[in-house]
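Enquirer: protein-v5.pdb is reproduced below (PDB, C-alpha atoms).
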ATOM      1  CA  MET I   1      76.530 -28.670 103.214  1.00  0.00           C
ATOM      2  CA  SER I   2      73.467 -26.442 102.832  1.00  0.00           C
ATOM      3  CA  ALA I   3      75.665 -23.457 101.952  1.00  0.00           C
ATOM      4  CA  VAL I   4      77.350 -25.451  99.185  1.00  0.00           C
ATOM      5  CA  LEU I   5      73.974 -26.487  97.744  1.00  0.00           C
ATOM      6  CA  ALA I   6      72.743 -22.898  97.910  1.00  0.00           C
ATOM      7  CA  TYR I   7      75.853 -21.517  96.212  1.00  0.00           C
ATOM      8  CA  VAL I   8      75.639 -24.166  93.481  1.00  0.00           C
ATOM      9  CA  ALA I   9      71.951 -23.355  92.905  1.00  0.00           C
ATOM     10  CA  ALA I  10      72.681 -19.612  92.819  1.00  0.00           C
ATOM     11  CA  GLY I  11      75.539 -20.126  90.382  1.00  0.00           C
ATOM     12  CA  ILE I  12      73.426 -22.220  88.036  1.00  0.00           C
ATOM     13  CA  VAL I  13      70.553 -19.732  88.123  1.00  0.00           C
ATOM     14  CA  ALA I  14      72.894 -16.772  87.548  1.00  0.00           C
ATOM     15  CA  LEU I  15      74.574 -18.500  84.610  1.00  0.00           C
ATOM     16  CA  TRP I  16      71.188 -19.467  83.177  1.00  0.00           C
ATOM     17  CA  GLY I  17      70.237 -15.798  83.381  1.00  0.00           C
ATOM     18  CA  VAL I  18      73.332 -14.938  81.347  1.00  0.00           C
ATOM     19  CA  ALA I  19      72.533 -17.708  78.864  1.00  0.00           C
ATOM     20  CA  HIS I  20      69.000 -16.337  78.699  1.00  0.00           C
ATOM     21  CA  VAL I  21      69.924 -12.731  77.979  1.00  0.00           C
ATOM     22  CA  LEU I  22      72.726 -13.332  75.447  1.00  0.00           C
ATOM     23  CA  PRO I  23      70.510 -14.535  72.556  1.00  0.00           C
ATOM     24  CA  THR I  24      67.888 -11.823  73.102  1.00  0.00           C
ATOM     25  CA  ALA I  25      68.831  -9.737  70.060  1.00  0.00           C
ATOM     26  CA  LYS I  26      68.861 -12.822  67.809  1.00  0.00           C
ATOM     27  CA  VAL I  27      65.491 -13.973  69.131  1.00  0.00           C
ATOM     28  CA  VAL I  28      63.933 -10.562  68.623  1.00  0.00           C
ATOM     29  CA  ALA I  29      65.403 -10.369  65.117  1.00  0.00           C
ATOM     30  CA  GLY I  30      63.422 -13.526  64.325  1.00  0.00           C
ATOM     31  CA  TYR I  31      60.241 -11.497  64.812  1.00  0.00           C
ATOM     32  CA  SER I  32      60.965  -9.041  62.004  1.00  0.00           C
ATOM     33  CA  ASP I  33      57.366  -9.313  60.807  1.00  0.00           C
ATOM     34  CA  THR I  34      56.148  -8.111  64.215  1.00  0.00           C
ATOM     35  CA  SER I  35      55.559  -4.474  65.098  1.00  0.00           C
ATOM     36  CA  ARG I  36      58.344  -2.444  66.712  1.00  0.00           C
ATOM     37  CA  ASP I  37      56.320  -2.199  69.934  1.00  0.00           C
ATOM     38  CA  ASN I  38      55.912  -5.977  70.133  1.00  0.00           C
ATOM     39  CA  ARG I  39      59.637  -6.512  69.502  1.00  0.00           C
ATOM     40  CA  LEU I  40      60.393  -4.101  72.351  1.00  0.00           C
ATOM     41  CA  ILE I  41      58.034  -6.052  74.618  1.00  0.00           C
ATOM     42  CA  ILE I  42      59.686  -9.346  73.666  1.00  0.00           C
ATOM     43  CA  THR I  43      63.090  -7.804  74.421  1.00  0.00           C
ATOM     44  CA  GLN I  44      61.811  -6.530  77.749  1.00  0.00           C
ATOM     45  CA  GLU I  45      60.446  -9.920  78.753  1.00  0.00           C
ATOM     46  CA  TRP I  46      63.618 -11.819  77.866  1.00  0.00           C
ATOM     47  CA  ILE I  47      65.779  -9.360  79.795  1.00  0.00           C
ATOM     48  CA  ALA I  48      63.321  -9.195  82.712  1.00  0.00           C
ATOM     49  CA  GLU I  49      63.386 -12.970  83.145  1.00  0.00           C
ATOM     50  CA  ALA I  50      67.187 -12.930  83.210  1.00  0.00           C
ATOM     51  CA  MET I  51      67.123 -10.099  85.773  1.00  0.00           C
ATOM     52  CA  ILE I  52      64.770 -12.096  87.998  1.00  0.00           C
ATOM     53  CA  MET I  53      67.151 -15.045  87.833  1.00  0.00           C
ATOM     54  CA  TRP I  54      70.050 -12.766  88.800  1.00  0.00           C
ATOM     55  CA  LEU I  55      68.024 -11.296  91.655  1.00  0.00           C
ATOM     56  CA  ILE I  56      67.187 -14.735  93.033  1.00  0.00           C
ATOM     57  CA  ALA I  57      70.837 -15.777  92.760  1.00  0.00           C
ATOM     58  CA  ALA I  58      72.007 -12.597  94.496  1.00  0.00           C
ATOM     59  CA  ILE I  59      69.512 -12.964  97.327  1.00  0.00           C
ATOM     60  CA  VAL I  60      70.557 -16.581  97.894  1.00  0.00           C
ATOM     61  CA  VAL I  61      74.265 -15.660  97.880  1.00  0.00           C
ATOM     62  CA  VAL I  62      73.791 -12.766 100.304  1.00  0.00           C
ATOM     63  CA  ALA I  63      71.544 -14.801 102.606  1.00  0.00           C
ATOM     64  CA  THR I  64      74.030 -17.667 102.592  1.00  0.00           C
ATOM     65  CA  GLY I  65      77.001 -15.417 103.207  1.00  0.00           C
ATOM     66  CA  LEU I  66      75.471 -13.225 105.895  1.00  0.00           C
ATOM     67  CA  GLY I  67      72.746 -15.356 107.400  1.00  0.00           C
ATOM     68  CA  GLY I  68      74.795 -17.472 109.807  1.00  0.00           C
ATOM     69  CA  SER I  69      73.185 -15.897 112.854  1.00  0.00           C
ATOM     70  CA  GLN I  70      69.672 -16.254 111.405  1.00  0.00           C
ATOM     71  CA  PRO I  71      69.439 -19.816 110.049  1.00  0.00           C
ATOM     72  CA  ALA I  72      65.631 -19.885 110.104  1.00  0.00           C
ATOM     73  CA  LEU I  73      65.505 -16.732 107.982  1.00  0.00           C
ATOM     74  CA  VAL I  74      68.005 -18.180 105.517  1.00  0.00           C
ATOM     75  CA  ASP I  75      65.939 -21.376 105.274  1.00  0.00           C
ATOM     76  CA  TRP I  76      62.851 -19.336 104.398  1.00  0.00           C
ATOM     77  CA  ILE I  77      64.761 -17.291 101.838  1.00  0.00           C
ATOM     78  CA  TYR I  78      65.811 -20.557 100.189  1.00  0.00           C
ATOM     79  CA  ARG I  79      62.227 -21.840 100.220  1.00  0.00           C
ATOM     80  CA  ILE I  80      60.765 -18.633  98.801  1.00  0.00           C
ATOM     81  CA  SER I  81      63.466 -18.546  96.129  1.00  0.00           C
ATOM     82  CA  ALA I  82      62.676 -22.175  95.273  1.00  0.00           C
ATOM     83  CA  ALA I  83      58.989 -21.313  94.963  1.00  0.00           C
ATOM     84  CA  ALA I  84      59.821 -18.451  92.580  1.00  0.00           C
ATOM     85  CA  LEU I  85      62.006 -20.764  90.478  1.00  0.00           C
ATOM     86  CA  PHE I  86      59.242 -23.393  90.376  1.00  0.00           C
ATOM     87  CA  ALA I  87      56.780 -20.678  89.283  1.00  0.00           C
ATOM     88  CA  ILE I  88      59.052 -19.546  86.441  1.00  0.00           C
ATOM     89  CA  ALA I  89      59.645 -23.188  85.478  1.00  0.00           C
ATOM     90  CA  THR I  90      55.903 -23.835  85.394  1.00  0.00           C
ATOM     91  CA  LEU I  91      55.243 -20.723  83.314  1.00  0.00           C
ATOM     92  CA  THR I  92      57.920 -21.797  80.851  1.00  0.00           C
ATOM     93  CA  ALA I  93      56.608 -25.373  80.767  1.00  0.00           C
ATOM     94  CA  VAL I  94      53.137 -24.237  79.684  1.00  0.00           C
ATOM     95  CA  THR I  95      54.367 -21.581  77.248  1.00  0.00           C
ATOM     96  CA  GLY I  96      57.861 -21.574  75.713  1.00  0.00           C
ATOM     97  CA  ALA I  97      58.608 -25.258  76.325  1.00  0.00           C
ATOM     98  CA  ARG I  98      55.671 -26.160  74.096  1.00  0.00           C
ATOM     99  CA  THR I  99      57.605 -24.775  71.128  1.00  0.00           C
ATOM    100  CA  ALA I 100      60.349 -26.544  69.195  1.00  0.00           C
ATOM    101  CA  VAL I 101      63.082 -24.427  70.826  1.00  0.00           C
ATOM    102  CA  ILE I 102      65.349 -26.708  72.892  1.00  0.00           C
ATOM    103  CA  PHE I 103      66.398 -23.798  75.121  1.00  0.00           C
ATOM    104  CA  PHE I 104      62.815 -23.522  76.381  1.00  0.00           C
ATOM    105  CA  LYS I 105      62.504 -27.260  76.887  1.00  0.00           C
ATOM    106  CA  VAL I 106      65.631 -27.319  79.107  1.00  0.00           C
ATOM    107  CA  CYS I 107      64.565 -24.312  81.189  1.00  0.00           C
ATOM    108  CA  PRO I 108      61.821 -25.939  83.332  1.00  0.00           C
ATOM    109  CA  ALA I 109      64.068 -28.879  84.244  1.00  0.00           C
ATOM    110  CA  LEU I 110      67.041 -26.665  85.033  1.00  0.00           C
ATOM    111  CA  LEU I 111      65.067 -24.204  87.148  1.00  0.00           C
ATOM    112  CA  SER I 112      63.245 -27.027  88.937  1.00  0.00           C
ATOM    113  CA  ALA I 113      66.541 -28.754  89.706  1.00  0.00           C
ATOM    114  CA  THR I 114      67.973 -25.582  91.218  1.00  0.00           C
ATOM    115  CA  ALA I 115      64.777 -25.110  93.217  1.00  0.00           C
ATOM    116  CA  VAL I 116      65.177 -28.643  94.588  1.00  0.00           C
ATOM    117  CA  LEU I 117      68.773 -27.837  95.570  1.00  0.00           C
ATOM    118  CA  LEU I 118      67.502 -24.844  97.529  1.00  0.00           C
ATOM    119  CA  LEU I 119      64.789 -26.880  99.211  1.00  0.00           C
ATOM    120  CA  VAL I 120      67.317 -29.522 100.245  1.00  0.00           C
ATOM    121  CA  ALA I 121      69.593 -26.746 101.506  1.00  0.00           C
ATOM    122  CA  SER I 122      66.734 -25.360 103.582  1.00  0.00           C
ATOM    123  CA  TRP I 123      66.212 -28.737 105.272  1.00  0.00           C
ATOM    124  CA  SER I 124      69.888 -29.506 105.878  1.00  0.00           C
TER     125      SER I 124
END
Output the structure of this file as structure tokens.
Expert:
Amino acid sequence: MSAVLAYVAAGIVALWGVAHVLPTAKVVAGYSDTSRDNRLIITQEWIAEAMIMWLIAAIVVVATGLGGSQPALVDWIYRISAAALFAIATLTAVTGARTAVIFFKVCPALLSATAVLLLVASWS
């Protein structure tokens, strides 16, 4: 059961990373009155957050797939990944989610829910 929860969490996080990176160009285009350097930084940050989500998903998938002989290690990987997701969710809650953009308002709940799945998986 814990493997299923971990795979579901990883899948959601990976897909959210895709959903995060796809609108990057449109978002950056909305800052046309901003300097080129600042638009590049905004692009970097949007892509970097997606890459972190993909990294977390990949680590969870690999740990789940290969960690059968080291269940305690897998449990800690799930917990650390959950902590990272909670940290990103908290950052988004105090920054982007305070805007009118629905995408940002959904992000903390989605990332927190996947973190909870990983925590449950680590205790199963």
Enquirer: Can you tell me which residues surround Ala3 (chain I) at a distance of at most 12 Å, considering all atoms listed in the file, apart from same-chain residues fewer than 2 positions away, and format the answer as a PyMOL selection string?
Expert: chain I and resi 1+5-10+60-68+71+74-75+78+117-124
Enquirer: Suppose you want the space between CA of Pro108 (chain I) and CA of Leu73 (chain I); what is it in Å?
Expert: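 These two atoms are separated by 26.6 Å.
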Enquirer: Report the distance between CA of Gly96 (chain I) and CA of Met53 (chain I) in Å, rounded to one decimal place.
Expert: 16.6 Å
Enquirer: Give the answer as one residue: which of I:Phe86, I:Trp54, I:Phe104, I:Trp76 has the shortest atom-to-atom distance to Leu15 (chain I), using all atoms listed in the file?
Expert: I:Trp54
Enquirer: Determine the nearest neighbour of Leu110 (chain I) from the options I:Val13, I:Val94, I:Ile52, I:Ile77, counting only C-alpha atoms.
Expert: I:Val13
Enquirer: Can you measure CA of Ala109 (chain I) to CA of Ala87 (chain I) for me? One decimal in Å is fine.
Expert: 12.1 Å
Enquirer: Write out as number ranges by chain the residues lying within 10 Å of Glu49 (chain I), counting only C-alpha atoms and excluding same-chain residues fewer than 6 positions away.
Expert: I: 17, 20-21, 55, 88
Enquirer: Generate a file of the selected residues that holds C-alpha atoms, formatted as a compact mmCIF listing (two decimals), keeping the file's coordinate frame.
Expert:
# COMPACT_ATOMS: atom_id res chain seq x y z
CA GLY I 17 70.24 -15.80 83.38
CA HIS I 20 69.00 -16.34 78.70
CA VAL I 21 69.92 -12.73 77.98
CA LEU I 55 68.02 -11.30 91.66
CA ILE I 88 59.05 -19.55 86.44
Enquirer: List as a PDB file with C-alpha atoms, keeping the file's coordinate frame the residues having at least one atom at most 9 Å from position (61.0, -7.5, 72.6) as given in the file, counting only C-alpha atoms.
Expert:
ATOM      1  CA  THR I  24      67.888 -11.823  73.102  1.00  0.00           C
ATOM      2  CA  ALA I  25      68.831  -9.737  70.060  1.00  0.00           C
ATOM      3  CA  VAL I  27      65.491 -13.973  69.131  1.00  0.00           C
ATOM      4  CA  VAL I  28      63.933 -10.562  68.623  1.00  0.00           C
ATOM      5  CA  TYR I  31      60.241 -11.497  64.812  1.00  0.00           C
ATOM      6  CA  ARG I  36      58.344  -2.444  66.712  1.00  0.00           C
ATOM      7  CA  ASP I  37      56.320  -2.199  69.934  1.00  0.00           C
ATOM      8  CA  ASN I  38      55.912  -5.977  70.133  1.00  0.00           C
ATOM      9  CA  ARG I  39      59.637  -6.512  69.502  1.00  0.00           C
ATOM     10  CA  LEU I  40      60.393  -4.101  72.351  1.00  0.00           C
ATOM     11  CA  ILE I  41      58.034  -6.052  74.618  1.00  0.00           C
ATOM     12  CA  ILE I  42      59.686  -9.346  73.666  1.00  0.00           C
ATOM     13  CA  THR I  43      63.090  -7.804  74.421  1.00  0.00           C
ATOM     14  CA  GLN I  44      61.811  -6.530  77.749  1.00  0.00           C
ATOM     15  CA  GLU I  45      60.446  -9.920  78.753  1.00  0.00           C
ATOM     16  CA  TRP I  46      63.618 -11.819  77.866  1.00  0.00           C
ATOM     17  CA  ILE I  47      65.779  -9.360  79.795  1.00  0.00           C
TER      18      ILE I  47
END
Enquirer: Using all atoms listed in the file, which of I:Ile12, I:Ala93, I:Ile59, I:Met51 sits nearest Thr114 (chain I)?
Expert: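 Looking only at the distances to Thr114 (chain I), the closest residue turns out to be I:Ile12.
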Enquirer: Of the candidates I:Pro23, I:Gly11, I:Ala58, I:Leu111, which shows the shortest atom-to-atom distance to Leu91 (chain I), using all atoms listed in the file?
Expert: I:Leu111
Enquirer: With distances taken over all atoms listed in the file, which residue among I:Ile56, I:Ala50, I:Ala97, I:Ala14 lies nearest Ala82 (chain I)?
Expert: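 For Ala82 (chain I), the nearest of the candidates is I:Ile56.
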Enquirer: Closest to Val116 (chain I) among I:Ser35, I:Val101, I:Ser2, I:Ala29, using all atoms listed in the file?
Expert: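 Counting all atoms listed in the file, the residue closest to Val116 (chain I) is I:Ser2.
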